[in-house]
$ cat entry05.pdb   # PDB, C-alpha atoms and all ligand atoms
ATOM      1  CA  MET Z   1     178.610 188.999  52.623  1.00  0.00           C
ATOM      2  CA  LYS Z   2     175.515 190.827  53.758  1.00  0.00           C
ATOM      3  CA  ARG Z   3     172.094 189.370  52.943  1.00  0.00           C
ATOM      4  CA  LYS Z   4     171.103 192.317  50.743  1.00  0.00           C
ATOM      5  CA  ASN Z   5     174.246 191.975  48.718  1.00  0.00           C
ATOM      6  CA  PHE Z   6     173.770 188.230  48.447  1.00  0.00           C
ATOM      7  CA  LEU Z   7     170.190 188.575  47.164  1.00  0.00           C
ATOM      8  CA  SER Z   8     171.266 191.204  44.652  1.00  0.00           C
ATOM      9  CA  LEU Z   9     174.022 188.925  43.489  1.00  0.00           C
ATOM     10  CA  ILE Z  10     171.641 186.054  42.735  1.00  0.00           C
ATOM     11  CA  GLY Z  11     169.067 188.387  41.165  1.00  0.00           C
ATOM     12  CA  LEU Z  12     166.423 188.349  43.849  1.00  0.00           C
ATOM     13  CA  GLY Z  13     165.111 191.524  45.398  1.00  0.00           C
ATOM     14  CA  ALA Z  14     163.261 191.957  48.656  1.00  0.00           C
ATOM     15  CA  GLY Z  15     159.925 191.843  46.788  1.00  0.00           C
ATOM     16  CA  THR Z  16     160.619 188.331  45.532  1.00  0.00           C
ATOM     17  CA  VAL Z  17     161.259 187.127  49.057  1.00  0.00           C
ATOM     18  CA  ILE Z  18     158.027 188.701  50.329  1.00  0.00           C
ATOM     19  CA  ILE Z  19     155.943 187.255  47.468  1.00  0.00           C
ATOM     20  CA  SER Z  20     157.314 183.747  47.944  1.00  0.00           C
ATOM     21  CA  SER Z  21     156.566 183.755  51.659  1.00  0.00           C
ATOM     22  CA  CYS Z  22     153.015 185.033  51.014  1.00  0.00           C
ATOM     23  CA  LEU Z  23     152.357 182.322  48.453  1.00  0.00           C
ATOM     24  CA  GLY Z  24     153.297 179.676  50.965  1.00  0.00           C
ATOM     25  CA  ALA Z  25     150.994 181.091  53.639  1.00  0.00           C
ATOM     26  CA  CYS Z  26     148.008 181.913  51.425  1.00  0.00           C
ATOM     27  CA  GLY Z  27     147.242 178.301  50.609  1.00  0.00           C
ATOM     28  CA  LYS Z  28     146.904 177.292  54.236  1.00  0.00           C
ATOM     29  CA  SER Z  29     143.572 177.031  55.970  1.00  0.00           C
ATOM     30  CA  ASP Z  30     143.050 178.562  59.378  1.00  0.00           C
ATOM     31  CA  GLY Z  31     140.640 175.843  60.394  1.00  0.00           C
ATOM     32  CA  PRO Z  32     137.151 174.727  59.547  1.00  0.00           C
ATOM     33  CA  SER Z  33     134.845 177.139  57.793  1.00  0.00           C
ATOM     34  CA  PRO Z  34     132.154 178.730  59.969  1.00  0.00           C
ATOM     35  CA  SER Z  35     129.061 176.641  60.420  1.00  0.00           C
ATOM     36  CA  PRO Z  36     125.976 177.812  58.578  1.00  0.00           C
ATOM     37  CA  SER Z  37     123.065 179.383  60.411  1.00  0.00           C
ATOM     38  CA  PRO Z  38     120.701 176.869  62.016  1.00  0.00           C
ATOM     39  CA  ASN Z  39     117.779 177.668  59.711  1.00  0.00           C
ATOM     40  CA  PRO Z  40     119.323 178.821  56.470  1.00  0.00           C
ATOM     41  CA  THR Z  41     117.133 179.766  53.584  1.00  0.00           C
ATOM     42  CA  PRO Z  42     118.465 180.108  50.060  1.00  0.00           C
ATOM     43  CA  ASP Z  43     118.519 183.880  50.340  1.00  0.00           C
ATOM     44  CA  ASN Z  44     119.179 184.145  54.120  1.00  0.00           C
ATOM     45  CA  LYS Z  45     115.784 185.597  54.869  1.00  0.00           C
ATOM     46  CA  VAL Z  46     114.056 185.131  58.205  1.00  0.00           C
ATOM     47  CA  ASP Z  47     111.875 182.041  57.989  1.00  0.00           C
ATOM     48  CA  PHE Z  48     111.228 179.792  60.966  1.00  0.00           C
ATOM     49  CA  THR Z  49     108.398 178.280  62.986  1.00  0.00           C
ATOM     50  CA  LEU Z  50     107.674 177.851  66.659  1.00  0.00           C
ATOM     51  CA  ASP Z  51     105.043 176.030  68.659  1.00  0.00           C
ATOM     52  CA  VAL Z  52     103.233 178.795  70.522  1.00  0.00           C
ATOM     53  CA  SER Z  53     101.371 176.362  72.794  1.00  0.00           C
ATOM     54  CA  SER Z  54     104.600 175.075  74.343  1.00  0.00           C
ATOM     55  CA  ASN Z  55     106.626 178.290  74.353  1.00  0.00           C
ATOM     56  CA  SER Z  56     106.989 179.165  78.028  1.00  0.00           C
ATOM     57  CA  ASP Z  57     107.891 182.836  77.406  1.00  0.00           C
ATOM     58  CA  ILE Z  58     104.826 183.490  75.276  1.00  0.00           C
ATOM     59  CA  ASN Z  59     102.608 181.674  77.757  1.00  0.00           C
ATOM     60  CA  SER Z  60     104.012 183.490  80.811  1.00  0.00           C
ATOM     61  CA  LYS Z  61     104.853 187.017  79.641  1.00  0.00           C
ATOM     62  CA  GLY Z  62     103.295 187.207  76.173  1.00  0.00           C
ATOM     63  CA  TRP Z  63     106.483 187.510  74.158  1.00  0.00           C
ATOM     64  CA  THR Z  64     109.713 185.755  73.310  1.00  0.00           C
ATOM     65  CA  ILE Z  65     112.860 186.315  71.278  1.00  0.00           C
ATOM     66  CA  GLN Z  66     113.782 183.631  68.743  1.00  0.00           C
ATOM     67  CA  ASN Z  67     116.418 183.838  66.009  1.00  0.00           C
ATOM     68  CA  GLY Z  68     116.860 187.578  66.528  1.00  0.00           C
ATOM     69  CA  VAL Z  69     113.118 188.260  66.243  1.00  0.00           C
ATOM     70  CA  ILE Z  70     110.812 189.392  69.050  1.00  0.00           C
ATOM     71  CA  ILE Z  71     107.448 187.684  68.774  1.00  0.00           C
ATOM     72  CA  ALA Z  72     104.619 189.161  70.828  1.00  0.00           C
ATOM     73  CA  LYS Z  73     101.073 187.941  71.306  1.00  0.00           C
ATOM     74  CA  ASN Z  74      98.503 190.688  70.980  1.00  0.00           C
ATOM     75  CA  GLY Z  75      95.040 189.250  71.459  1.00  0.00           C
ATOM     76  CA  LEU Z  76      94.711 186.579  68.803  1.00  0.00           C
ATOM     77  CA  ASN Z  77      97.463 188.052  66.651  1.00  0.00           C
ATOM     78  CA  TYR Z  78     101.222 187.746  66.720  1.00  0.00           C
ATOM     79  CA  ILE Z  79     103.628 190.582  65.981  1.00  0.00           C
ATOM     80  CA  ALA Z  80     107.176 189.864  64.847  1.00  0.00           C
ATOM     81  CA  LEU Z  81     109.877 192.554  64.744  1.00  0.00           C
ATOM     82  CA  ALA Z  82     113.656 192.572  64.670  1.00  0.00           C
ATOM     83  CA  ALA Z  83     114.693 192.174  68.306  1.00  0.00           C
ATOM     84  CA  ALA Z  84     117.774 194.407  68.251  1.00  0.00           C
ATOM     85  CA  CYS Z  85     117.152 198.067  68.990  1.00  0.00           C
ATOM     86  CA  THR Z  86     118.411 200.160  66.110  1.00  0.00           C
ATOM     87  CA  HIS Z  87     120.252 202.472  68.516  1.00  0.00           C
ATOM     88  CA  GLN Z  88     122.919 200.156  69.931  1.00  0.00           C
ATOM     89  CA  GLN Z  89     121.451 196.685  69.349  1.00  0.00           C
ATOM     90  CA  ASN Z  90     120.199 195.979  72.872  1.00  0.00           C
ATOM     91  CA  PRO Z  91     117.148 193.731  72.852  1.00  0.00           C
ATOM     92  CA  VAL Z  92     113.706 195.251  72.773  1.00  0.00           C
ATOM     93  CA  THR Z  93     110.882 194.052  75.000  1.00  0.00           C
ATOM     94  CA  TYR Z  94     107.099 194.071  74.651  1.00  0.00           C
ATOM     95  CA  GLN Z  95     104.622 196.179  76.634  1.00  0.00           C
ATOM     96  CA  ALA Z  96     101.175 194.672  76.114  1.00  0.00           C
ATOM     97  CA  SER Z  97      99.274 197.522  77.793  1.00  0.00           C
ATOM     98  CA  SER Z  98     100.493 200.038  75.200  1.00  0.00           C
ATOM     99  CA  ASN Z  99     101.211 197.501  72.421  1.00  0.00           C
ATOM    100  CA  THR Z 100     104.715 198.954  72.105  1.00  0.00           C
ATOM    101  CA  PHE Z 101     108.255 197.626  72.031  1.00  0.00           C
ATOM    102  CA  PRO Z 102     110.514 199.547  74.440  1.00  0.00           C
ATOM    103  CA  CYS Z 103     114.246 199.013  74.316  1.00  0.00           C
ATOM    104  CA  SER Z 104     115.449 197.008  77.314  1.00  0.00           C
ATOM    105  CA  LEU Z 105     117.688 199.966  78.237  1.00  0.00           C
ATOM    106  CA  GLN Z 106     115.592 202.850  79.523  1.00  0.00           C
ATOM    107  CA  ASP Z 107     118.139 205.090  81.205  1.00  0.00           C
ATOM    108  CA  ALA Z 108     119.086 208.659  80.370  1.00  0.00           C
ATOM    109  CA  ALA Z 109     121.137 207.739  77.313  1.00  0.00           C
ATOM    110  CA  HIS Z 110     118.651 205.226  75.975  1.00  0.00           C
ATOM    111  CA  GLY Z 111     114.919 204.724  76.005  1.00  0.00           C
ATOM    112  CA  SER Z 112     113.809 204.082  72.432  1.00  0.00           C
ATOM    113  CA  VAL Z 113     110.288 202.819  71.899  1.00  0.00           C
ATOM    114  CA  PHE Z 114     108.784 201.300  68.741  1.00  0.00           C
ATOM    115  CA  ASP Z 115     105.174 200.672  67.747  1.00  0.00           C
ATOM    116  CA  ALA Z 116     103.670 197.381  66.582  1.00  0.00           C
ATOM    117  CA  ASN Z 117     104.805 198.090  63.025  1.00  0.00           C
ATOM    118  CA  GLY Z 118     108.386 198.676  64.156  1.00  0.00           C
ATOM    119  CA  VAL Z 119     108.108 202.423  63.653  1.00  0.00           C
ATOM    120  CA  LYS Z 120     110.227 204.447  66.084  1.00  0.00           C
ATOM    121  CA  LEU Z 121     108.054 206.400  68.497  1.00  0.00           C
ATOM    122  CA  LYS Z 122     110.877 207.677  70.694  1.00  0.00           C
ATOM    123  CA  GLY Z 123     114.665 207.908  70.285  1.00  0.00           C
ATOM    124  CA  PRO Z 124     117.573 207.978  70.531  1.00  0.00           C
ATOM    125  CA  ALA Z 125     117.140 205.302  67.856  1.00  0.00           C
ATOM    126  CA  ILE Z 126     116.809 206.832  64.407  1.00  0.00           C
ATOM    127  CA  GLN Z 127     115.764 203.833  62.338  1.00  0.00           C
ATOM    128  CA  ASN Z 128     112.672 201.645  62.597  1.00  0.00           C
ATOM    129  CA  LEU Z 129     112.721 197.950  63.421  1.00  0.00           C
ATOM    130  CA  ALA Z 130     112.181 195.485  60.577  1.00  0.00           C
ATOM    131  CA  LYS Z 131     108.761 193.857  60.662  1.00  0.00           C
ATOM    132  CA  PHE Z 132     108.173 190.235  59.675  1.00  0.00           C
ATOM    133  CA  ASN Z 133     105.100 188.322  58.559  1.00  0.00           C
ATOM    134  CA  THR Z 134     103.384 185.792  60.804  1.00  0.00           C
ATOM    135  CA  THR Z 135     101.018 182.973  59.912  1.00  0.00           C
ATOM    136  CA  LEU Z 136      99.422 180.773  62.575  1.00  0.00           C
ATOM    137  CA  THR Z 137      98.409 177.245  61.597  1.00  0.00           C
ATOM    138  CA  GLY Z 138      97.095 175.348  64.613  1.00  0.00           C
ATOM    139  CA  ASN Z 139      99.758 176.001  67.239  1.00  0.00           C
ATOM    140  CA  THR Z 140     102.555 176.517  64.726  1.00  0.00           C
ATOM    141  CA  LEU Z 141     103.524 180.094  64.097  1.00  0.00           C
ATOM    142  CA  ARG Z 142     105.563 180.778  60.995  1.00  0.00           C
ATOM    143  CA  VAL Z 143     107.685 183.938  61.105  1.00  0.00           C
ATOM    144  CA  TYR Z 144     109.049 185.016  57.755  1.00  0.00           C
ATOM    145  CA  GLU Z 145     109.943 187.863  55.496  1.00  0.00           C
ATOM    146  CA  SER Z 146     108.730 188.108  51.953  1.00  0.00           C
TER     147      SER Z 146
HETATM  148  S1  LIG S 201     120.113 200.510  72.620  1.00  0.00           S
HETATM  149 FE1  LIG S 201     118.022 200.898  72.567  1.00  0.00          FE
HETATM  150  S2  LIG S 201     117.813 202.953  73.080  1.00  0.00           S
HETATM  151 FE2  LIG S 201     119.920 202.594  73.139  1.00  0.00          FE
END

$ encode --input "entry05.pdb" --output "structure tokens" --more "lines below"
Ligand code: FES
Amino acid sequence: MKRKNFLSLIGLGAGTVIISSCLGACGKSDGPSPSPSPNPTPDNKVDFTLDVSSNSDINSKGWTIQNGVIIAKNGLNYIALAAACTHQQNPVTYQASSNTFPCSLQDAAHGSVFDANGVKLKGPAIQNLAKFNTTLTGNTLRVYES
């Protein structure tokens, strides 16, 4: 007797077989759940601190990238913008002489530049970079969004 005929004989169709095999597999776990972000906030907003006196990048080149945010020192102030270029997510850099944030890719197909407020000055990027708040207390810089 063929399988199809057997299943018809006992009153089970192909759909029943598929459903029962799915039910068995759906209850299984594929492993541990992903670990949470290192600095979670209740609403997943950017909110972290760094010690600017001991940050070697800030002290040597005037900027660093932490937690997806580029933090640049401009005189006594700090500027914090999303570090991923809105064109194709390559990291942006900081140019102190012009107080701008050029994309790290500056070839013929790239070359976006953003101002200190994250506003696009030059494409191909279309969107601006997100800007974050900074508060300096002693040597501790808090970077956060409201
Ligand atoms: S990724 Fe920045 S300009 Fe293309």

$ residues_around --input "entry05.pdb" --residues "Ser146 of chain Z" --least-positions-apart "4" --cutoff "12 Å" --atoms "only C-alpha atoms" --output "NGL selection string"
:Z and (41 or 43-47 or 130-134)

$ resolve_selection --input "entry05.pdb" --expression "the PyMOL selection byres (((not hetatm)) within 8 of (chain S and resi 201))" --output "list in words"
Ala84, Cys85, Thr86, His87, Gln88, Gln89, Asn90, Pro91, Val92, Pro102, Cys103, Ser104, Leu105, Gln106, Ala109, His110, Gly111, Ser112, Val113, Gly123, Pro124 and Ala125 of chain Z

$ atom_distance --input "entry05.pdb" --atom1 "atom CA of Thr135 of chain Z" --atom2 "atom CA of Phe48 of chain Z"
10.7 Å

$ residues_near_point --input "entry05.pdb" --point "(102.3, 182.8, 73.0)" --cutoff "10 Å" --atoms "all atoms listed in the file" --output "MDAnalysis selection string"
chainID Z and resid 50:64 71:78 139 141

$ resolve_selection --input "entry05.pdb" --expression "the PyMOL selection byres (((chain Z and resi 114) around 8) and not hetatm)" --output "list in words"
Thr100, Phe101, Pro102, Ser112, Val113, Asp115, Ala116, Asn117, Gly118, Val119, Lys120, Leu121, Lys122, Asn128 and Leu129 of chain Z

$ axis_aligned_box --input "entry05.pdb" --around "segment 120-130 of chain Z" --padding-each-side "3 Å" --output "AutoDock Vina command-line options"
--center_x 112.8 --center_y 201.7 --center_z 65.6 --size_x 15.5 --size_y 18.5 --size_z 16.1

$ atom_distance --input "entry05.pdb" --atom1 "atom CA of Ile70 of chain Z" --atom2 "atom CA of Ala82 of chain Z"
6.1 Å

$ resolve_selection --input "entry05.pdb" --expression "the PyMOL selection byres (((chain Z and resi 69) around 6) and not hetatm)" --output "JSON, numbers by chain"
{"Z": [65, 66, 67, 68, 70, 81, 82, 83]}

$ atom_distance --input "entry05.pdb" --atom1 "atom CA of Thr93 of chain Z" --atom2 "atom CA of Thr137 of chain Z"
24.9 Å
